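Structure file upload14.cif; described as mmCIF, C-alpha atoms.
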data_protein
loop_
_atom_site.label_atom_id
_atom_site.label_comp_id
_atom_site.auth_asym_id
_atom_site.auth_seq_id
_atom_site.Cartn_x
_atom_site.Cartn_y
_atom_site.Cartn_z
CA MET A 1 -36.40 9.64 -19.31
CA SER A 2 -33.40 10.84 -17.26
CA GLU A 3 -31.98 8.76 -14.43
CA THR A 4 -32.32 9.96 -10.84
CA PRO A 5 -28.98 11.41 -9.70
CA LEU A 6 -27.18 9.46 -7.01
CA SER A 7 -27.29 10.86 -3.50
CA LEU A 8 -24.04 12.08 -2.00
CA ARG A 9 -23.94 9.04 0.25
CA ASP A 10 -24.41 6.72 -2.73
CA ARG A 11 -21.65 8.55 -4.58
CA LEU A 12 -19.45 8.08 -1.55
CA GLY A 13 -20.12 4.33 -1.69
CA VAL A 14 -19.13 4.22 -5.36
CA LEU A 15 -15.96 6.20 -4.62
CA LYS A 16 -14.99 3.84 -1.80
CA GLY A 17 -15.59 0.86 -4.10
CA ASP A 18 -13.35 2.44 -6.74
CA LEU A 19 -10.55 2.76 -4.19
CA GLU A 20 -10.98 -0.85 -3.08
CA SER A 21 -10.54 -1.90 -6.73
CA GLN A 22 -7.51 0.37 -7.02
CA PHE A 23 -5.92 -1.19 -3.95
CA ARG A 24 -6.48 -4.70 -5.35
CA ALA A 25 -4.81 -3.63 -8.60
CA VAL A 26 -1.89 -2.25 -6.61
CA GLN A 27 -1.56 -5.52 -4.70
CA LYS A 28 -1.47 -7.47 -7.98
CA SER A 29 1.23 -5.11 -9.20
CA VAL A 30 3.37 -5.92 -6.15
CA GLU A 31 2.76 -9.65 -6.59
CA LEU A 32 3.75 -9.49 -10.26
CA ALA A 33 6.87 -7.44 -9.47
CA LEU A 34 8.01 -10.06 -6.95
CA ASP A 35 7.30 -12.90 -9.38
CA ALA A 36 9.31 -11.05 -12.03
CA LEU A 37 12.16 -10.61 -9.57
CA PHE A 38 12.42 -14.25 -8.54
CA GLU A 39 11.86 -15.56 -12.05
CA LYS A 40 14.10 -12.89 -13.60
CA ASP A 41 11.23 -12.34 -16.01
CA VAL A 42 11.72 -9.08 -17.88
CA LYS A 43 8.31 -9.29 -19.58
CA LYS A 44 6.49 -9.46 -16.25
CA ALA A 45 8.62 -6.63 -14.94
CA GLN A 46 7.72 -4.49 -17.94
CA GLU A 47 4.04 -5.30 -17.40
CA VAL A 48 4.31 -3.83 -13.90
CA ILE A 49 6.08 -0.72 -15.18
CA ASP A 50 3.56 -0.21 -17.99
CA GLY A 51 0.62 -0.81 -15.65
CA ASP A 52 1.71 1.98 -13.34
CA GLU A 53 0.33 4.55 -15.78
CA ALA A 54 -3.21 3.15 -15.45
CA ILE A 55 -2.93 3.18 -11.65
CA ASP A 56 -1.78 6.81 -11.77
CA ALA A 57 -4.78 7.70 -13.95
CA ARG A 58 -7.23 6.06 -11.53
CA ASP A 59 -5.50 7.87 -8.67
CA VAL A 60 -6.33 11.20 -10.30
CA LEU A 61 -9.95 10.21 -10.96
CA ILE A 62 -10.52 9.08 -7.37
CA GLU A 63 -9.06 12.29 -5.98
CA LYS A 64 -11.19 14.40 -8.33
CA GLY A 65 -14.25 12.40 -7.28
CA ALA A 66 -13.54 13.08 -3.60
CA VAL A 67 -13.03 16.81 -4.19
CA SER A 68 -16.25 17.01 -6.22
CA LEU A 69 -18.15 15.22 -3.47
CA LEU A 70 -16.93 17.63 -0.80
CA GLN A 71 -17.72 20.64 -2.99
CA GLU A 72 -21.26 19.40 -3.56
CA ALA A 73 -21.74 18.70 0.15
CA ALA A 74 -20.61 22.25 0.95
CA ARG A 75 -23.20 23.67 -1.47
CA GLN A 76 -26.06 21.64 -0.03
CA ALA A 77 -27.53 22.98 3.19
CA ASP A 78 -29.29 19.64 3.78
CA SER A 79 -26.45 17.33 2.75
CA ASP A 80 -27.03 13.69 3.74
CA LEU A 81 -23.35 13.21 4.63
CA SER A 82 -22.73 12.57 8.32
CA GLU A 83 -19.59 13.39 10.28
CA HIS A 84 -18.51 9.76 9.73
CA ASP A 85 -19.05 10.19 5.97
CA ILE A 86 -16.89 13.31 5.89
CA ARG A 87 -14.11 11.48 7.72
CA LEU A 88 -14.40 8.73 5.13
CA VAL A 89 -14.08 11.15 2.20
CA LEU A 90 -10.96 12.70 3.71
CA THR A 91 -9.54 9.25 4.39
CA ILE A 92 -10.22 8.14 0.82
CA VAL A 93 -8.00 10.99 -0.40
CA LYS A 94 -5.20 9.93 1.95
CA VAL A 95 -5.51 6.19 1.29
CA ASN A 96 -5.63 6.83 -2.45
CA ASN A 97 -2.26 8.56 -2.17
CA GLU A 98 -0.81 5.68 -0.14
CA ALA A 99 -1.97 3.16 -2.75
CA GLU A 100 -0.39 5.15 -5.58
CA ARG A 101 2.92 5.22 -3.72
CA VAL A 102 2.82 1.46 -3.21
CA ALA A 103 2.33 1.08 -6.96
CA ASP A 104 5.38 3.29 -7.55
CA LEU A 105 7.41 1.01 -5.29
CA ALA A 106 6.22 -2.05 -7.21
CA ALA A 107 7.43 -0.40 -10.41
CA ALA A 108 10.76 0.42 -8.74
CA ILE A 109 11.19 -3.24 -7.78
CA ALA A 110 10.37 -4.28 -11.34
CA GLU A 111 12.98 -1.92 -12.72
CA HIS A 112 15.69 -3.86 -10.88
CA VAL A 113 14.83 -7.09 -12.71
CA GLN A 114 16.67 -5.92 -15.80
CA SER A 115 19.83 -5.20 -13.80
CA ILE A 116 19.99 -8.64 -12.13
CA ARG A 117 18.69 -10.88 -14.92
CA ASN A 118 22.19 -11.71 -16.22
CA LEU A 119 23.67 -12.31 -12.77
CA ASP A 120 24.06 -15.84 -11.43
CA GLU A 121 22.80 -14.96 -7.96
CA ARG A 122 19.20 -15.32 -6.91
CA PRO A 123 17.51 -13.52 -4.00
CA PRO A 124 17.80 -15.47 -0.71
CA THR A 125 14.84 -17.43 0.63
CA THR A 126 14.34 -14.84 3.37
CA PHE A 127 13.59 -12.35 0.63
CA ARG A 128 10.72 -14.44 -0.69
CA VAL A 129 9.33 -14.87 2.82
CA MET A 130 9.40 -11.12 3.33
CA GLY A 131 7.69 -10.60 -0.03
CA ASN A 132 4.93 -13.06 0.89
CA SER A 133 4.52 -11.32 4.24
CA ILE A 134 4.12 -7.94 2.53
CA ILE A 135 1.50 -9.36 0.17
CA GLY A 136 -0.39 -10.73 3.17
CA ILE A 137 -0.26 -7.31 4.83
CA LEU A 138 -1.62 -5.70 1.66
CA GLU A 139 -4.49 -8.22 1.62
CA ASN A 140 -5.29 -7.51 5.27
CA THR A 141 -5.13 -3.77 4.68
CA ASN A 142 -7.52 -3.89 1.73
CA ARG A 143 -9.91 -6.13 3.69
CA ALA A 144 -9.80 -3.80 6.69
CA PHE A 145 -10.52 -0.83 4.44
CA ALA A 146 -13.40 -2.57 2.66
CA ARG A 147 -15.03 -3.38 6.00
CA MET A 148 -13.82 -0.27 7.84
CA ASP A 149 -12.76 -2.71 10.54
CA ALA A 150 -10.65 -1.10 13.28
CA GLU A 151 -9.62 -4.43 14.82
CA SER A 152 -8.30 -5.73 11.49
CA ALA A 153 -6.48 -2.44 11.04
CA ARG A 154 -4.77 -2.94 14.41
CA ILE A 155 -3.56 -6.34 13.19
CA VAL A 156 -1.92 -4.52 10.26
CA LEU A 157 -0.23 -2.18 12.73
CA ALA A 158 1.02 -5.18 14.71
CA SER A 159 2.78 -6.49 11.57
CA ASP A 160 5.11 -3.49 11.59
CA ASP A 161 7.72 -5.13 13.83
CA THR A 162 7.75 -8.29 11.69
CA THR A 163 8.43 -6.30 8.53
CA ASP A 164 11.26 -4.48 10.25
CA ALA A 165 12.77 -7.77 11.45
CA PHE A 166 12.66 -9.20 7.91
CA LYS A 167 14.45 -6.18 6.50
CA ILE A 168 17.20 -6.39 9.12
CA ALA A 169 17.63 -10.13 8.55
CA ILE A 170 17.89 -9.66 4.78
CA LEU A 171 20.43 -6.85 5.06
CA ARG A 172 22.59 -8.94 7.37
CA GLU A 173 22.33 -11.92 5.02
CA VAL A 174 23.35 -9.78 2.07
CA GLU A 175 26.27 -8.28 3.98
CA VAL A 176 27.53 -11.74 4.96
CA GLY A 177 27.20 -12.97 1.38
CA LEU A 178 29.03 -9.92 0.06
CA ALA A 179 31.86 -10.33 2.56
CA ALA A 180 32.17 -14.02 1.67
CA GLY A 181 32.28 -13.28 -2.05
CA LYS A 182 28.92 -14.97 -2.71
CA HIS A 183 27.32 -11.79 -4.03
CA THR A 184 28.53 -9.10 -6.39
CA VAL A 185 28.32 -5.48 -5.32
CA ASP A 186 25.63 -4.80 -7.94
CA PHE A 187 23.52 -7.69 -6.73
CA ALA A 188 23.89 -6.68 -3.07
CA PHE A 189 22.93 -3.10 -3.92
CA ALA A 190 19.82 -4.27 -5.79
CA LEU A 191 18.73 -6.48 -2.90
CA ASN A 192 19.24 -3.71 -0.36
CA THR A 193 17.20 -1.31 -2.48
CA ILE A 194 14.37 -3.83 -2.97
CA ALA A 195 14.30 -4.72 0.74
CA ALA A 196 13.95 -1.02 1.54
CA ALA A 197 11.10 -0.74 -1.00
CA LEU A 198 9.27 -3.65 0.62
CA ARG A 199 9.72 -2.04 4.02
CA ARG A 200 8.22 1.20 2.71
CA ILE A 201 5.23 -0.72 1.35
CA GLY A 202 4.68 -1.98 4.87
CA ASP A 203 4.86 1.61 6.13
CA HIS A 204 2.19 2.69 3.65
CA CYS A 205 -0.05 -0.13 4.87
CA THR A 206 0.28 1.01 8.47
CA ASN A 207 -0.54 4.55 7.35
CA VAL A 208 -3.75 3.21 5.80
CA ALA A 209 -4.51 1.24 8.97
CA GLU A 210 -4.23 4.46 11.01
CA GLN A 211 -6.81 6.10 8.74
CA ILE A 212 -9.18 3.12 8.99
CA ILE A 213 -9.12 3.34 12.77
CA TYR A 214 -9.83 7.07 12.54
CA VAL A 215 -12.87 6.57 10.28
CA ALA A 216 -14.26 3.63 12.23
CA THR A 217 -13.81 5.07 15.72
CA GLY A 218 -13.09 8.78 15.39
CA LYS A 219 -9.92 8.10 17.36
CA ILE A 220 -6.25 8.23 16.41
CA VAL A 221 -3.23 6.02 17.04
CA ARG A 222 0.40 7.08 17.30
CA HIS A 223 3.70 5.25 16.95
CA GLN A 224 5.59 6.00 20.14
CA GLY A 225 8.49 4.20 21.78
CA ASN A 226 8.63 1.51 19.08
CA LYS A 227 4.99 0.56 19.62
CA TRP A 228 1.53 1.73 18.59
CA THR A 229 -0.65 3.47 21.14
CA ASP A 230 -4.24 2.47 21.83
CA PRO A 231 -6.77 4.60 19.92
CA ILE A 232 -7.31 7.95 21.68
CA GLU A 233 -9.55 10.95 21.14
CA PRO A 234 -7.99 13.64 18.90
CA GLY A 235 -6.37 16.47 20.86
#
Could you take the file, read its structure, and then write that structure out as structure tokens?
Amino acid sequence: MSETPLSLRDRLGVLKGDLESQFRAVQKSVELALDALFEKDVKKAQEVIDGDEAIDARDVLIEKGAVSLLQEAARQADSDLSEHDIRLVLTIVKVNNEAERVADLAAAIAEHVQSIRNLDERPPTTFRVMGNSIIGILENTNRAFARMDAESARIVLASDDTTDAFKIAILREVEVGLAAGKHTVDFAFALNTIAAALRRIGDHCTNVAEQIIYVATGKIVRHQGNKWTDPIEPG
């Protein structure tokens, strides 16, 4: 006896769940990359790099699932997908792309472990604080997406200034250490590159938060004058 096919709305729920799992895997990748960096653990770093292939594969499957869902909805005159559901499908495609890029940045951080493992210097404490902050932002972003919670998404947007401040503080600390002869040029370059990667991860999280607000409210937010606007109607 054949199983009853899932409705489009049920398929959408499965697709959203797949993306939530993907985002958790991406967060773990970032966590492992930072652990590898501070422990100078090449094996952990390689685990992040190797794991990126699986994340890329899931990225493709999620996108194909979203496209298939939209194609099926277009064929069905009586599709059970609402306007909200359509917004969610489109957002899944965008968020899926953001998650894949975060995973790429985790792999990029891991690739620097090999270059600094034989150096005496260790990343400054501020670096670890920034890393922990980014992990917290990733957690909040995934939670906001799972619940489609616009208020939680706005908290993610509010973290943008903090991430920027961390990056500036780290770059200044590295510059001072380099000028004082505490850091080698190679080490300073690696730290600058990693700090920039962490900042970009924060940017991807705010991009996701924008999409969550759009799905939950039908409204959009904009970054203007160094601050985020209140949600407004499109157009």
List every residue of region 41-131 of chain A that has an atom at most 10 Å from any atom of region 135-152 of chain A, giving for each one its closest atom pair and the distance in Å to one decimal, counting all atoms listed in the file, sorted by chain and then by ascending residue number, as a tab-separated table.
residue	atom	partner	partner_atom	distance
A:Leu88	CA	A:Met148	CA	9.4
A:Ile92	CA	A:Phe145	CA	9.7
A:Val95	CA	A:Phe145	CA	9.2
A:Ala99	CA	A:Leu138	CA	9.9
A:Val102	CA	A:Leu138	CA	9.7
A:Val129	CA	A:Ile135	CA	9.9
A:Met130	CA	A:Ile135	CA	8.7
A:Gly131	CA	A:Ile135	CA	6.3
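Here the PyMOL selection byres ((chain A and resi 176-188) around 12) matches the residues His112, Val113, Gln114, Ser115, Ile116, Arg117, Asn118, Leu119, Asp120, Glu121, Arg122, Pro123, Pro124, Ala169, Ile170, Leu171, Arg172, Glu173, Val174, Glu175, Phe189, Ala190, Leu191, Asn192, Thr193, Ile194 and Ala195 of chain A.
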Using the chain letters and numbers from the file, which residues does the PyMOL selection byres ((chain A and resi 134) around 12) grab, as a VMD selection string? chain A and resid 27 to 28 30 to 31 34 102 106 127 to 133 135 to 141 156 159 to 160 162 to 164 166 to 167 195 197 to 206
Could you check which of A:Ile213, A:Leu8, A:Ala110, A:Leu15 is closest to Val42 (chain A), using all atoms listed in the file? A:Ala110
CA of Gly51 (chain A) to CA of Thr125 (chain A): how many Å, to one decimal? 27.3 Å
Quick one: apply the PyMOL selection byres ((chain A and resi 230) around 10) to the file and drop the selected residues here as a compact mmCIF listing (two decimals) with C-alpha atoms, in the frame of the given file.
# COMPACT_ATOMS: atom_id res chain seq x y z
CA ARG A 154 -4.77 -2.94 14.41
CA LYS A 219 -9.92 8.10 17.36
CA ILE A 220 -6.25 8.23 16.41
CA VAL A 221 -3.23 6.02 17.04
CA ARG A 222 0.40 7.08 17.30
CA HIS A 223 3.70 5.25 16.95
CA LYS A 227 4.99 0.56 19.62
CA TRP A 228 1.53 1.73 18.59
CA THR A 229 -0.65 3.47 21.14
CA PRO A 231 -6.77 4.60 19.92
CA ILE A 232 -7.31 7.95 21.68
Using the block above, I'd like region 66-215 of chain A written out, keeping C-alpha atoms and formatting it as a PDB file, in the first residue's frame.
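What landed in part_10.pdb:
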ATOM      1  CA  ALA A  66      12.601  24.821  -2.558  1.00  0.00           C
ATOM      2  CA  VAL A  67      12.570  25.048  -6.360  1.00  0.00           C
ATOM      3  CA  SER A  68      10.583  21.805  -6.626  1.00  0.00           C
ATOM      4  CA  LEU A  69       8.065  23.094  -4.094  1.00  0.00           C
ATOM      5  CA  LEU A  70       7.508  26.324  -6.009  1.00  0.00           C
ATOM      6  CA  GLN A  71       7.176  24.454  -9.309  1.00  0.00           C
ATOM      7  CA  GLU A  72       4.559  22.144  -7.823  1.00  0.00           C
ATOM      8  CA  ALA A  73       2.658  25.076  -6.312  1.00  0.00           C
ATOM      9  CA  ALA A  74       2.611  26.786  -9.714  1.00  0.00           C
ATOM     10  CA  ARG A  75       1.112  23.666 -11.312  1.00  0.00           C
ATOM     11  CA  GLN A  76      -1.635  23.315  -8.719  1.00  0.00           C
ATOM     12  CA  ALA A  77      -4.590  25.643  -9.173  1.00  0.00           C
ATOM     13  CA  ASP A  78      -5.740  24.881  -5.614  1.00  0.00           C
ATOM     14  CA  SER A  79      -2.341  24.975  -3.900  1.00  0.00           C
ATOM     15  CA  ASP A  80      -2.574  25.072  -0.095  1.00  0.00           C
ATOM     16  CA  LEU A  81       0.368  27.489   0.152  1.00  0.00           C
ATOM     17  CA  SER A  82      -0.560  30.924   1.488  1.00  0.00           C
ATOM     18  CA  GLU A  83       1.187  34.212   0.759  1.00  0.00           C
ATOM     19  CA  HIS A  84       3.087  33.728   4.036  1.00  0.00           C
ATOM     20  CA  ASP A  85       4.159  30.249   2.890  1.00  0.00           C
ATOM     21  CA  ILE A  86       5.481  31.603  -0.402  1.00  0.00           C
ATOM     22  CA  ARG A  87       7.484  34.245   1.459  1.00  0.00           C
ATOM     23  CA  LEU A  88       8.899  31.459   3.614  1.00  0.00           C
ATOM     24  CA  VAL A  89       9.977  29.384   0.602  1.00  0.00           C
ATOM     25  CA  LEU A  90      11.760  32.363  -0.928  1.00  0.00           C
ATOM     26  CA  THR A  91      13.392  33.137   2.409  1.00  0.00           C
ATOM     27  CA  ILE A  92      14.563  29.546   2.806  1.00  0.00           C
ATOM     28  CA  VAL A  93      16.485  29.897  -0.463  1.00  0.00           C
ATOM     29  CA  LYS A  94      18.130  33.110   0.743  1.00  0.00           C
ATOM     30  CA  VAL A  95      18.883  31.870   4.273  1.00  0.00           C
ATOM     31  CA  ASN A  96      20.267  28.632   2.874  1.00  0.00           C
ATOM     32  CA  ASN A  97      22.775  30.681   0.874  1.00  0.00           C
ATOM     33  CA  GLU A  98      23.730  32.732   3.941  1.00  0.00           C
ATOM     34  CA  ALA A  99      24.340  29.559   5.968  1.00  0.00           C
ATOM     35  CA  GLU A 100      26.572  28.089   3.258  1.00  0.00           C
ATOM     36  CA  ARG A 101      28.658  31.261   3.214  1.00  0.00           C
ATOM     37  CA  VAL A 102      29.082  31.147   6.982  1.00  0.00           C
ATOM     38  CA  ALA A 103      30.356  27.576   6.618  1.00  0.00           C
ATOM     39  CA  ASP A 104      32.859  28.783   4.004  1.00  0.00           C
ATOM     40  CA  LEU A 105      34.110  31.392   6.472  1.00  0.00           C
ATOM     41  CA  ALA A 106      34.496  28.736   9.172  1.00  0.00           C
ATOM     42  CA  ALA A 107      36.630  26.721   6.757  1.00  0.00           C
ATOM     43  CA  ALA A 108      38.670  29.842   5.941  1.00  0.00           C
ATOM     44  CA  ILE A 109      39.349  30.376   9.653  1.00  0.00           C
ATOM     45  CA  ALA A 110      40.377  26.737   9.995  1.00  0.00           C
ATOM     46  CA  GLU A 111      42.811  27.061   7.120  1.00  0.00           C
ATOM     47  CA  HIS A 112      44.771  29.665   9.097  1.00  0.00           C
ATOM     48  CA  VAL A 113      45.438  27.221  11.937  1.00  0.00           C
ATOM     49  CA  GLN A 114      48.180  25.524   9.946  1.00  0.00           C
ATOM     50  CA  SER A 115      49.938  28.841   9.314  1.00  0.00           C
ATOM     51  CA  ILE A 116      50.034  29.902  12.992  1.00  0.00           C
ATOM     52  CA  ARG A 117      50.541  26.550  14.715  1.00  0.00           C
ATOM     53  CA  ASN A 118      54.337  26.921  14.865  1.00  0.00           C
ATOM     54  CA  LEU A 119      54.265  30.542  16.003  1.00  0.00           C
ATOM     55  CA  ASP A 120      54.711  31.407  19.674  1.00  0.00           C
ATOM     56  CA  GLU A 121      51.920  33.982  19.699  1.00  0.00           C
ATOM     57  CA  ARG A 122      48.368  33.186  20.673  1.00  0.00           C
ATOM     58  CA  PRO A 123      45.270  35.196  19.726  1.00  0.00           C
ATOM     59  CA  PRO A 124      44.479  37.945  22.280  1.00  0.00           C
ATOM     60  CA  THR A 125      41.675  37.470  24.804  1.00  0.00           C
ATOM     61  CA  THR A 126      39.539  40.003  22.925  1.00  0.00           C
ATOM     62  CA  PHE A 127      39.582  37.598  20.013  1.00  0.00           C
ATOM     63  CA  ARG A 128      38.040  34.817  22.077  1.00  0.00           C
ATOM     64  CA  VAL A 129      35.381  37.192  23.394  1.00  0.00           C
ATOM     65  CA  MET A 130      34.487  38.190  19.848  1.00  0.00           C
ATOM     66  CA  GLY A 131      34.338  34.523  18.827  1.00  0.00           C
ATOM     67  CA  ASN A 132      31.992  33.707  21.713  1.00  0.00           C
ATOM     68  CA  SER A 133      29.840  36.690  20.786  1.00  0.00           C
ATOM     69  CA  ILE A 134      29.564  35.477  17.182  1.00  0.00           C
ATOM     70  CA  ILE A 135      28.567  31.998  18.355  1.00  0.00           C
ATOM     71  CA  GLY A 136      25.872  33.567  20.531  1.00  0.00           C
ATOM     72  CA  ILE A 137      24.599  35.549  17.550  1.00  0.00           C
ATOM     73  CA  LEU A 138      24.466  32.364  15.466  1.00  0.00           C
ATOM     74  CA  GLU A 139      22.451  30.653  18.216  1.00  0.00           C
ATOM     75  CA  ASN A 140      20.021  33.572  18.398  1.00  0.00           C
ATOM     76  CA  THR A 141      19.691  33.645  14.618  1.00  0.00           C
ATOM     77  CA  ASN A 142      18.884  29.941  14.375  1.00  0.00           C
ATOM     78  CA  ARG A 143      16.381  30.239  17.237  1.00  0.00           C
ATOM     79  CA  ALA A 144      14.711  33.237  15.600  1.00  0.00           C
ATOM     80  CA  PHE A 145      14.476  31.338  12.311  1.00  0.00           C
ATOM     81  CA  ALA A 146      13.064  28.207  13.944  1.00  0.00           C
ATOM     82  CA  ARG A 147      10.330  30.268  15.623  1.00  0.00           C
ATOM     83  CA  MET A 148       9.989  32.867  12.861  1.00  0.00           C
ATOM     84  CA  ASP A 149      10.226  35.387  15.684  1.00  0.00           C
ATOM     85  CA  ALA A 150      10.573  38.977  14.467  1.00  0.00           C
ATOM     86  CA  GLU A 151      11.456  40.350  17.912  1.00  0.00           C
ATOM     87  CA  SER A 152      14.322  37.869  18.322  1.00  0.00           C
ATOM     88  CA  ALA A 153      15.474  38.771  14.821  1.00  0.00           C
ATOM     89  CA  ARG A 154      15.609  42.440  15.830  1.00  0.00           C
ATOM     90  CA  ILE A 155      17.874  41.468  18.746  1.00  0.00           C
ATOM     91  CA  VAL A 156      20.231  39.916  16.174  1.00  0.00           C
ATOM     92  CA  LEU A 157      20.183  43.179  14.237  1.00  0.00           C
ATOM     93  CA  ALA A 158      21.010  45.082  17.430  1.00  0.00           C
ATOM     94  CA  SER A 159      24.175  42.966  17.841  1.00  0.00           C
ATOM     95  CA  ASP A 160      25.630  44.476  14.672  1.00  0.00           C
ATOM     96  CA  ASP A 161      27.271  47.419  16.442  1.00  0.00           C
ATOM     97  CA  THR A 162      28.845  45.133  19.054  1.00  0.00           C
ATOM     98  CA  THR A 163      30.428  42.947  16.384  1.00  0.00           C
ATOM     99  CA  ASP A 164      31.811  46.024  14.665  1.00  0.00           C
ATOM    100  CA  ALA A 165      33.263  47.313  17.939  1.00  0.00           C
ATOM    101  CA  PHE A 166      34.981  43.969  18.595  1.00  0.00           C
ATOM    102  CA  LYS A 167      36.580  43.982  15.166  1.00  0.00           C
ATOM    103  CA  ILE A 168      37.898  47.525  15.619  1.00  0.00           C
ATOM    104  CA  ALA A 169      39.260  46.704  19.081  1.00  0.00           C
ATOM    105  CA  ILE A 170      41.034  43.593  17.794  1.00  0.00           C
ATOM    106  CA  LEU A 171      42.590  45.395  14.839  1.00  0.00           C
ATOM    107  CA  ARG A 172      43.893  48.133  17.127  1.00  0.00           C
ATOM    108  CA  GLU A 173      45.275  45.545  19.547  1.00  0.00           C
ATOM    109  CA  VAL A 174      47.033  43.727  16.732  1.00  0.00           C
ATOM    110  CA  GLU A 175      48.476  46.961  15.353  1.00  0.00           C
ATOM    111  CA  VAL A 176      49.832  47.931  18.777  1.00  0.00           C
ATOM    112  CA  GLY A 177      51.344  44.472  19.252  1.00  0.00           C
ATOM    113  CA  LEU A 178      52.925  44.582  15.809  1.00  0.00           C
ATOM    114  CA  ALA A 179      54.412  48.034  16.420  1.00  0.00           C
ATOM    115  CA  ALA A 180      55.785  46.888  19.786  1.00  0.00           C
ATOM    116  CA  GLY A 181      57.355  43.785  18.264  1.00  0.00           C
ATOM    117  CA  LYS A 182      55.020  41.414  20.135  1.00  0.00           C
ATOM    118  CA  HIS A 183      53.570  39.955  16.945  1.00  0.00           C
ATOM    119  CA  THR A 184      55.128  38.823  13.704  1.00  0.00           C
ATOM    120  CA  VAL A 185      53.772  40.158  10.436  1.00  0.00           C
ATOM    121  CA  ASP A 186      52.415  36.712   9.516  1.00  0.00           C
ATOM    122  CA  PHE A 187      50.604  36.398  12.819  1.00  0.00           C
ATOM    123  CA  ALA A 188      49.133  39.910  12.573  1.00  0.00           C
ATOM    124  CA  PHE A 189      47.956  39.214   9.023  1.00  0.00           C
ATOM    125  CA  ALA A 190      46.270  35.973  10.107  1.00  0.00           C
ATOM    126  CA  LEU A 191      44.482  37.696  12.992  1.00  0.00           C
ATOM    127  CA  ASN A 192      43.286  40.539  10.779  1.00  0.00           C
ATOM    128  CA  THR A 193      41.945  38.067   8.233  1.00  0.00           C
ATOM    129  CA  ILE A 194      40.164  35.982  10.885  1.00  0.00           C
ATOM    130  CA  ALA A 195      38.666  39.072  12.540  1.00  0.00           C
ATOM    131  CA  ALA A 196      37.289  40.117   9.154  1.00  0.00           C
ATOM    132  CA  ALA A 197      35.829  36.609   8.668  1.00  0.00           C
ATOM    133  CA  LEU A 198      34.087  36.781  12.040  1.00  0.00           C
ATOM    134  CA  ARG A 199      32.692  40.188  11.143  1.00  0.00           C
ATOM    135  CA  ARG A 200      31.308  38.794   7.895  1.00  0.00           C
ATOM    136  CA  ILE A 201      29.648  35.949   9.799  1.00  0.00           C
ATOM    137  CA  GLY A 202      27.876  38.600  11.833  1.00  0.00           C
ATOM    138  CA  ASP A 203      26.790  40.285   8.587  1.00  0.00           C
ATOM    139  CA  HIS A 204      25.305  37.027   7.314  1.00  0.00           C
ATOM    140  CA  CYS A 205      23.358  36.670  10.563  1.00  0.00           C
ATOM    141  CA  THR A 206      21.861  40.125  10.180  1.00  0.00           C
ATOM    142  CA  ASN A 207      20.934  39.253   6.591  1.00  0.00           C
ATOM    143  CA  VAL A 208      19.046  36.225   7.922  1.00  0.00           C
ATOM    144  CA  ALA A 209      17.389  38.379  10.591  1.00  0.00           C
ATOM    145  CA  GLU A 210      16.115  40.738   7.872  1.00  0.00           C
ATOM    146  CA  GLN A 211      14.513  37.783   6.081  1.00  0.00           C
ATOM    147  CA  ILE A 212      12.908  36.486   9.289  1.00  0.00           C
ATOM    148  CA  ILE A 213      11.270  39.857   9.875  1.00  0.00           C
ATOM    149  CA  TYR A 214      10.012  39.841   6.285  1.00  0.00           C
ATOM    150  CA  VAL A 215       8.430  36.383   6.624  1.00  0.00           C
TER     151      VAL A 215
END
